[in-house]
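Novice: Structure below; questions to follow.
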Amino acid sequence: MYTPKTASPLMLAVCALTSILFLWWFTGQAREIHATYDSISQQLEAQSTSVSTATVSNAAIHIPTWSLFQDGNIWSLTSKHRQLDTDHVPNLVAAPVAHTAGDIQIAKQIVPQLTGLFKAAATDGTPLMISSAYRSPNDQQEIYDFYLRAYGQQYVNSYVALPGTSEHQTGLAVDIASYSNDCAASANNCSLDYNAIRWLQKNATRFGFIQRYPTGKQSITGVASEAWHYRHVGVPLATFLFETGLTLDEFVEQAAPGYAQ
């Protein structure tokens with residue numbers, strides 16, 4: 001019968017040492033791999049990512065996520081060609097700045113930027129007020145019907161949106177007026193003077209607001225020039241549109257055509 005030889009103490013010691021060295025080497029390699037992975041992960045997290053980049057002349061803007069174009073988000077397009085659902089209601093709060101009489105509400109997400117805009121205007125000697133902000137579809141229908149009766153179809157086609165096509169339903173748009181006691185009493189008495197128009201054109205971009213319906217763009221926006229109507233889109237996009245001269249309609253149609261229909 002074969003009887004296995006008993007391993008010598010020296011052989012056992014060599015095997016044990018080999019195992020210890022292999023375990024030490026493997027553990028060290030694992031630590032190094034994990035350390036490298038953690039380092040790469042931190043670098044990736046620190047970098048700004050984007051799904052696309054829009055470039056016009058020397059101006060460029062990164063698009064971090066397509067969700068910015070979805071209804072209710074700051075790059076969303078609401079127009080005669082792209083309607084909101086009639087039951088769309090933003091997260092609203094009472095406007096924390098001077099405004100005309102009544103319950104004036106805005107989307108909660110634009111409160112800091114709107115407050116900063118109005119504070120800067122007051123500091124520069126151009127105090128402002130809101131004459132209109134969020135409107136429900138019912139509110140918009142009443143306004144549309146009133147102006148249709150008063151001024152006719154051609155007027156409302158240029159200046160008054162049908163329910164579902166008004167930016168005011170998003171809570172991201174405000175009509176701005178120069179501050180006055182008359183405007184505080186009634187929106188019918190509000191107006192935007194020349195100094196305020198010029199100030200907004202120069203400074204609104206710093207707070208992420210754009211003049212939504214500029215002069216000469218009616219064929220694109222579907223709305224005649226409105227110096228008082230400002231829309232929040234965030235500082236990066238506001239700056240990009242200011243530098244390129246594009247409207248929000250043109251930007252969305254080119255950068256995210258699926259959200260322009």
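In the structure tokens, each chain is lettered A, B, ... as it comes, each chain's residues begin at 1, and ligands are numbered from 1 in order of appearance.
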Can you check which residues of stretch 22-161 of chain A DSSP gives as strand (DSSP E or B) on the backbone and send them as a list in words?

Specialist: Ser52, Thr53, Ala54, Thr55, Val56, Ala59, Ala60, Ile61, His62, Ile63, Ser79, Arg82, Leu92, Val93, Ala94, His99, Gln105, Ile106, Ala107, Leu128, Met129, Ile130, Ser131 and Ser132 of chain A

Novice: Each residue of stretch 185-252 of chain A with at least one atom at most 9 Å from stretch 102-119 of chain A should appear once, together with its nearest atom pair and the corresponding distance in Å (one decimal); atoms considered: only C-alpha atoms; ordering: chain, then increasing residue number; output as CSV.

Specialist:
residue,atom,partner,partner_atom,distance
A:Ser186,CA,A:Gly102,CA,8.5
A:Leu200,CA,A:Leu117,CA,8.9
A:Asn203,CA,A:Leu117,CA,8.0
A:Ala204,CA,A:Leu117,CA,6.8
A:Arg206,CA,A:Leu117,CA,8.2
A:Phe207,CA,A:Gln113,CA,5.4
A:Gly208,CA,A:Gln113,CA,7.0
A:Phe209,CA,A:Gln113,CA,8.4
A:His232,CA,A:Ile110,CA,7.1
A:Gly234,CA,A:Gln113,CA,8.6

Novice: Mind checking which residues fall within 12 Å of A:Leu237, counting only C-alpha atoms, ignoring those fewer than 4 positions away in the same chain, and posting them as a short mmCIF file (atom, residue, chain, number, x, y, z; two decimals) with N, CA, C and O atoms, in the first residue's frame?

Specialist:
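Ended up saving to part_32.cif:
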data_model
loop_
_atom_site.label_atom_id
_atom_site.label_comp_id
_atom_site.auth_asym_id
_atom_site.auth_seq_id
_atom_site.Cartn_x
_atom_site.Cartn_y
_atom_site.Cartn_z
N THR A 53 -24.03 69.99 -27.75
CA THR A 53 -23.54 71.36 -27.69
C THR A 53 -24.09 72.13 -28.88
O THR A 53 -24.04 71.65 -30.00
N ALA A 54 -24.64 73.30 -28.61
CA ALA A 54 -25.13 74.17 -29.68
C ALA A 54 -24.11 75.29 -29.89
O ALA A 54 -23.67 75.92 -28.93
N THR A 55 -23.73 75.52 -31.15
CA THR A 55 -22.72 76.53 -31.46
C THR A 55 -23.22 77.44 -32.58
O THR A 55 -23.69 76.96 -33.61
N ALA A 59 -20.29 81.72 -30.19
CA ALA A 59 -21.03 81.41 -28.97
C ALA A 59 -21.38 79.93 -28.93
O ALA A 59 -21.73 79.34 -29.96
N ALA A 60 -21.27 79.34 -27.76
CA ALA A 60 -21.59 77.92 -27.60
C ALA A 60 -22.28 77.70 -26.27
O ALA A 60 -22.04 78.42 -25.29
N ILE A 61 -23.15 76.71 -26.23
CA ILE A 61 -23.82 76.36 -24.98
C ILE A 61 -23.95 74.85 -24.90
O ILE A 61 -24.30 74.18 -25.89
N HIS A 62 -23.62 74.30 -23.74
CA HIS A 62 -23.76 72.87 -23.51
C HIS A 62 -25.19 72.56 -23.08
O HIS A 62 -25.80 73.31 -22.31
N ILE A 63 -25.71 71.47 -23.58
CA ILE A 63 -27.04 71.01 -23.19
C ILE A 63 -26.83 69.84 -22.24
O ILE A 63 -26.50 68.72 -22.67
N PRO A 64 -26.97 70.04 -20.94
CA PRO A 64 -26.65 68.99 -19.96
C PRO A 64 -27.64 67.84 -19.96
O PRO A 64 -27.28 66.72 -19.64
N LEU A 68 -34.45 69.56 -19.80
CA LEU A 68 -34.62 71.01 -19.67
C LEU A 68 -35.67 71.54 -20.64
O LEU A 68 -36.25 72.60 -20.43
N PHE A 69 -35.92 70.78 -21.72
CA PHE A 69 -36.88 71.22 -22.74
C PHE A 69 -38.31 70.74 -22.45
O PHE A 69 -39.24 71.12 -23.15
N ILE A 74 -37.07 75.13 -17.51
CA ILE A 74 -36.74 76.51 -17.91
C ILE A 74 -36.43 76.68 -19.39
O ILE A 74 -36.43 77.81 -19.88
N TRP A 75 -36.14 75.59 -20.14
CA TRP A 75 -35.90 75.74 -21.57
C TRP A 75 -37.11 75.31 -22.39
O TRP A 75 -37.02 75.19 -23.62
N SER A 76 -38.22 75.06 -21.75
CA SER A 76 -39.40 74.58 -22.47
C SER A 76 -39.94 75.67 -23.39
O SER A 76 -39.87 76.86 -23.09
N THR A 205 -30.39 89.77 -18.79
CA THR A 205 -29.64 88.55 -19.07
C THR A 205 -28.85 88.08 -17.85
O THR A 205 -28.70 86.88 -17.62
N ARG A 206 -28.33 89.01 -17.06
CA ARG A 206 -27.53 88.66 -15.89
C ARG A 206 -28.31 87.83 -14.89
O ARG A 206 -27.73 87.11 -14.07
N PHE A 207 -29.63 87.89 -14.95
CA PHE A 207 -30.48 87.16 -14.03
C PHE A 207 -31.26 86.05 -14.73
O PHE A 207 -32.17 85.46 -14.15
N GLY A 208 -30.88 85.76 -15.96
CA GLY A 208 -31.47 84.64 -16.66
C GLY A 208 -32.77 84.93 -17.37
O GLY A 208 -33.50 84.01 -17.74
N PHE A 209 -33.08 86.21 -17.61
CA PHE A 209 -34.32 86.59 -18.28
C PHE A 209 -34.04 87.09 -19.70
O PHE A 209 -33.03 87.74 -19.95
N ILE A 210 -34.96 86.81 -20.60
CA ILE A 210 -34.87 87.30 -21.97
C ILE A 210 -36.15 88.04 -22.33
O ILE A 210 -37.23 87.73 -21.82
N ARG A 231 -39.10 86.39 -19.99
CA ARG A 231 -39.20 84.96 -19.70
C ARG A 231 -37.89 84.47 -19.08
O ARG A 231 -36.80 84.80 -19.55
N HIS A 232 -37.99 83.67 -18.03
CA HIS A 232 -36.79 83.12 -17.39
C HIS A 232 -36.35 81.85 -18.11
O HIS A 232 -37.14 80.93 -18.28
N VAL A 233 -35.07 81.82 -18.52
CA VAL A 233 -34.50 80.63 -19.16
C VAL A 233 -33.17 80.22 -18.52
O VAL A 233 -32.53 79.27 -18.95
N LEU A 241 -28.51 83.38 -26.06
CA LEU A 241 -29.48 84.00 -26.96
C LEU A 241 -29.15 85.48 -27.18
O LEU A 241 -29.32 85.99 -28.30
N PHE A 242 -28.67 86.15 -26.15
CA PHE A 242 -28.30 87.56 -26.28
C PHE A 242 -27.13 87.70 -27.25
O PHE A 242 -27.11 88.60 -28.11
N GLU A 243 -26.15 86.81 -27.14
CA GLU A 243 -24.94 86.91 -27.97
C GLU A 243 -25.22 86.54 -29.43
O GLU A 243 -24.58 87.07 -30.34
N THR A 244 -26.16 85.64 -29.65
CA THR A 244 -26.43 85.16 -31.01
C THR A 244 -27.59 85.89 -31.68
O THR A 244 -27.73 85.81 -32.91
N GLY A 245 -28.45 86.54 -30.89
CA GLY A 245 -29.61 87.20 -31.46
C GLY A 245 -30.74 86.25 -31.80
O GLY A 245 -31.72 86.63 -32.45
N LEU A 246 -30.64 85.00 -31.33
CA LEU A 246 -31.69 84.01 -31.59
C LEU A 246 -32.85 84.19 -30.61
O LEU A 246 -32.67 84.67 -29.49
N THR A 247 -34.03 83.79 -31.04
CA THR A 247 -35.17 83.70 -30.13
C THR A 247 -35.16 82.32 -29.50
O THR A 247 -34.46 81.40 -29.95
N LEU A 248 -35.97 82.15 -28.46
CA LEU A 248 -36.10 80.84 -27.83
C LEU A 248 -36.64 79.83 -28.84
O LEU A 248 -36.21 78.67 -28.87
N PHE A 251 -33.79 78.62 -31.08
CA PHE A 251 -32.86 77.77 -30.34
C PHE A 251 -33.43 76.36 -30.18
O PHE A 251 -32.76 75.37 -30.46
N VAL A 252 -34.67 76.26 -29.74
CA VAL A 252 -35.27 74.94 -29.51
C VAL A 252 -35.43 74.19 -30.82
O VAL A 252 -35.15 72.98 -30.91
N ALA A 255 -31.71 73.13 -31.69
CA ALA A 255 -31.00 72.30 -30.72
C ALA A 255 -31.79 71.07 -30.31
O ALA A 255 -31.21 70.02 -30.04
#

Novice: What separation in Å, quoted to one decimal, exists between atom CA of A:His168 and atom CA of A:Trp199?

Specialist: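 The value is 22.5 Å.
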
Novice: Give me, as a Markdown table, each residue of stretch 118-176 of chain A that comes within 10 Å of stretch 82-88 of chain A, together with its shortest interatomic pair and the distance in Å at one decimal, counting only C-alpha atoms, with rows ordered by chain and rising residue number.

Specialist:
| residue | atom | partner | partner_atom | distance |
| --- | --- | --- | --- | --- |
| A:Ser136 | CA | A:Thr86 | CA | 8.6 |
| A:Pro137 | CA | A:Thr86 | CA | 6.4 |
| A:Asn138 | CA | A:Thr86 | CA | 9.4 |
| A:Leu162 | CA | A:Gln83 | CA | 9.4 |
| A:Pro163 | CA | A:Thr86 | CA | 7.5 |
| A:Gly164 | CA | A:Leu84 | CA | 4.9 |
| A:Thr165 | CA | A:Gln83 | CA | 4.9 |
| A:Ser166 | CA | A:Gln83 | CA | 8.1 |
| A:Glu167 | CA | A:Leu84 | CA | 9.0 |
| A:Gln169 | CA | A:His88 | CA | 7.7 |
| A:Thr170 | CA | A:His88 | CA | 7.9 |

Novice: Store the residues of this selection in a file with N, CA, C and O atoms, as a PDB file, in the first residue's frame.

Specialist:
ATOM      1  N   SER A 136     -54.033  81.079 -15.485  1.00  0.00           N
ATOM      2  CA  SER A 136     -54.620  79.776 -15.767  1.00  0.00           C
ATOM      3  C   SER A 136     -55.223  79.797 -17.170  1.00  0.00           C
ATOM      4  O   SER A 136     -55.438  80.876 -17.746  1.00  0.00           O
ATOM      5  N   PRO A 137     -55.525  78.650 -17.752  1.00  0.00           N
ATOM      6  CA  PRO A 137     -56.193  78.637 -19.060  1.00  0.00           C
ATOM      7  C   PRO A 137     -57.507  79.423 -19.059  1.00  0.00           C
ATOM      8  O   PRO A 137     -57.833  80.090 -20.050  1.00  0.00           O
ATOM      9  N   ASN A 138     -58.242  79.362 -17.958  1.00  0.00           N
ATOM     10  CA  ASN A 138     -59.502  80.123 -17.870  1.00  0.00           C
ATOM     11  C   ASN A 138     -59.237  81.624 -17.886  1.00  0.00           C
ATOM     12  O   ASN A 138     -59.958  82.390 -18.547  1.00  0.00           O
ATOM     13  N   LEU A 162     -53.983  82.154 -27.299  1.00  0.00           N
ATOM     14  CA  LEU A 162     -55.082  81.281 -26.901  1.00  0.00           C
ATOM     15  C   LEU A 162     -54.657  80.448 -25.691  1.00  0.00           C
ATOM     16  O   LEU A 162     -53.457  80.234 -25.466  1.00  0.00           O
ATOM     17  N   PRO A 163     -55.597  79.983 -24.893  1.00  0.00           N
ATOM     18  CA  PRO A 163     -55.248  79.108 -23.766  1.00  0.00           C
ATOM     19  C   PRO A 163     -54.411  77.911 -24.228  1.00  0.00           C
ATOM     20  O   PRO A 163     -54.677  77.323 -25.277  1.00  0.00           O
ATOM     21  N   GLY A 164     -53.383  77.610 -23.475  1.00  0.00           N
ATOM     22  CA  GLY A 164     -52.487  76.512 -23.830  1.00  0.00           C
ATOM     23  C   GLY A 164     -51.293  76.948 -24.641  1.00  0.00           C
ATOM     24  O   GLY A 164     -50.308  76.210 -24.743  1.00  0.00           O
ATOM     25  N   THR A 165     -51.356  78.159 -25.211  1.00  0.00           N
ATOM     26  CA  THR A 165     -50.232  78.662 -26.012  1.00  0.00           C
ATOM     27  C   THR A 165     -49.568  79.872 -25.360  1.00  0.00           C
ATOM     28  O   THR A 165     -48.673  80.474 -25.958  1.00  0.00           O
ATOM     29  N   SER A 166     -49.991  80.210 -24.166  1.00  0.00           N
ATOM     30  CA  SER A 166     -49.437  81.381 -23.473  1.00  0.00           C
ATOM     31  C   SER A 166     -48.333  80.970 -22.504  1.00  0.00           C
ATOM     32  O   SER A 166     -48.488  80.037 -21.701  1.00  0.00           O
ATOM     33  N   GLU A 167     -47.224  81.681 -22.558  1.00  0.00           N
ATOM     34  CA  GLU A 167     -46.133  81.437 -21.612  1.00  0.00           C
ATOM     35  C   GLU A 167     -46.540  81.734 -20.178  1.00  0.00           C
ATOM     36  O   GLU A 167     -45.943  81.212 -19.249  1.00  0.00           O
ATOM     37  N   GLN A 169     -48.921  80.649 -18.605  1.00  0.00           N
ATOM     38  CA  GLN A 169     -49.380  79.441 -17.921  1.00  0.00           C
ATOM     39  C   GLN A 169     -48.220  78.672 -17.303  1.00  0.00           C
ATOM     40  O   GLN A 169     -48.415  77.872 -16.384  1.00  0.00           O
ATOM     41  N   THR A 170     -46.999  78.898 -17.765  1.00  0.00           N
ATOM     42  CA  THR A 170     -45.832  78.196 -17.220  1.00  0.00           C
ATOM     43  C   THR A 170     -45.389  78.769 -15.882  1.00  0.00           C
ATOM     44  O   THR A 170     -44.663  78.106 -15.135  1.00  0.00           O
TER      45      THR A 170
END

Novice: Excluding A:Trp228 and residues on its chain fewer than 3 positions from it, collect all residues at most 8 Å away from it, counting only C-alpha atoms, and give them as a list in words.

Specialist: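 Skipping anything fewer than 3 positions along the chain leaves Asp175, Ile176, Ala177, Leu192, Ile197 and Gln211 of chain A.
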
Novice: Hey, what's within 9 Å of A:Ala161 if we count only C-alpha atoms and toss same-chain stuff fewer than 6 positions away? As an MDAnalysis selection string, please?

Specialist: chainID A and resid 79:80 140:141 143:144 167 223

Novice: Hey, can you spit out that residue selection with N, CA, C and O atoms as an mmCIF file, in the first residue's frame?

Specialist:
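Okay, part_33.cif is ready:
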data_model
loop_
_atom_site.group_PDB
_atom_site.id
_atom_site.type_symbol
_atom_site.label_atom_id
_atom_site.label_comp_id
_atom_site.auth_asym_id
_atom_site.auth_seq_id
_atom_site.Cartn_x
_atom_site.Cartn_y
_atom_site.Cartn_z
ATOM 1 N N SER A 79 -45.690 77.996 -27.425
ATOM 2 C CA SER A 79 -45.964 78.917 -28.523
ATOM 3 C C SER A 79 -47.244 78.500 -29.229
ATOM 4 O O SER A 79 -47.902 77.535 -28.834
ATOM 5 N N LYS A 80 -47.566 79.224 -30.296
ATOM 6 C CA LYS A 80 -48.755 78.882 -31.074
ATOM 7 C C LYS A 80 -48.630 77.495 -31.706
ATOM 8 O O LYS A 80 -49.632 76.867 -32.039
ATOM 9 N N GLN A 140 -56.684 83.067 -19.235
ATOM 10 C CA GLN A 140 -56.237 83.420 -20.578
ATOM 11 C C GLN A 140 -57.403 83.504 -21.548
ATOM 12 O O GLN A 140 -57.439 84.374 -22.424
ATOM 13 N N GLN A 141 -58.371 82.620 -21.386
ATOM 14 C CA GLN A 141 -59.536 82.644 -22.260
ATOM 15 C C GLN A 141 -60.331 83.932 -22.065
ATOM 16 O O GLN A 141 -60.803 84.541 -23.044
ATOM 17 N N ILE A 143 -59.168 86.843 -21.076
ATOM 18 C CA ILE A 143 -58.397 87.935 -21.671
ATOM 19 C C ILE A 143 -58.527 87.904 -23.188
ATOM 20 O O ILE A 143 -58.724 88.946 -23.841
ATOM 21 N N TYR A 144 -58.422 86.726 -23.761
ATOM 22 C CA TYR A 144 -58.537 86.578 -25.213
ATOM 23 C C TYR A 144 -59.901 87.073 -25.696
ATOM 24 O O TYR A 144 -59.996 87.851 -26.658
ATOM 25 N N GLU A 167 -47.224 81.681 -22.558
ATOM 26 C CA GLU A 167 -46.133 81.437 -21.612
ATOM 27 C C GLU A 167 -46.540 81.734 -20.178
ATOM 28 O O GLU A 167 -45.943 81.212 -19.249
ATOM 29 N N VAL A 223 -45.691 86.416 -32.325
ATOM 30 C CA VAL A 223 -46.191 87.483 -31.447
ATOM 31 C C VAL A 223 -45.462 88.780 -31.790
ATOM 32 O O VAL A 223 -44.240 88.783 -31.969
#

Novice: What gap, in Å, lies between atom CA of A:Thr100 and atom CA of A:Cys183?

Specialist: 5.7 Å

Novice: Can you work out which one of A:Thr49, A:Ala196, A:Trp66, A:Ala184 has the shortest atom-to-atom distance to A:Pro257, counting only C-alpha atoms?

Specialist: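 Closest residue, counting only C-alpha atoms: A:Trp66.
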
Novice: Taking into account only C-alpha atoms, which residue in the set A:Ala227, A:Ala185, A:Ala133, A:Ala150 is nearest to A:Ala101?

Specialist: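 Counting only C-alpha atoms, the residue closest to A:Ala101 is A:Ala185.
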
Novice: DSSP on the backbone: what in stretch 37-204 of chain A comes out alpha helix (DSSP H), as number ranges by chain?

Specialist: A: 37-46, 111-123, 137-151, 153-159, 181-185, 194-203
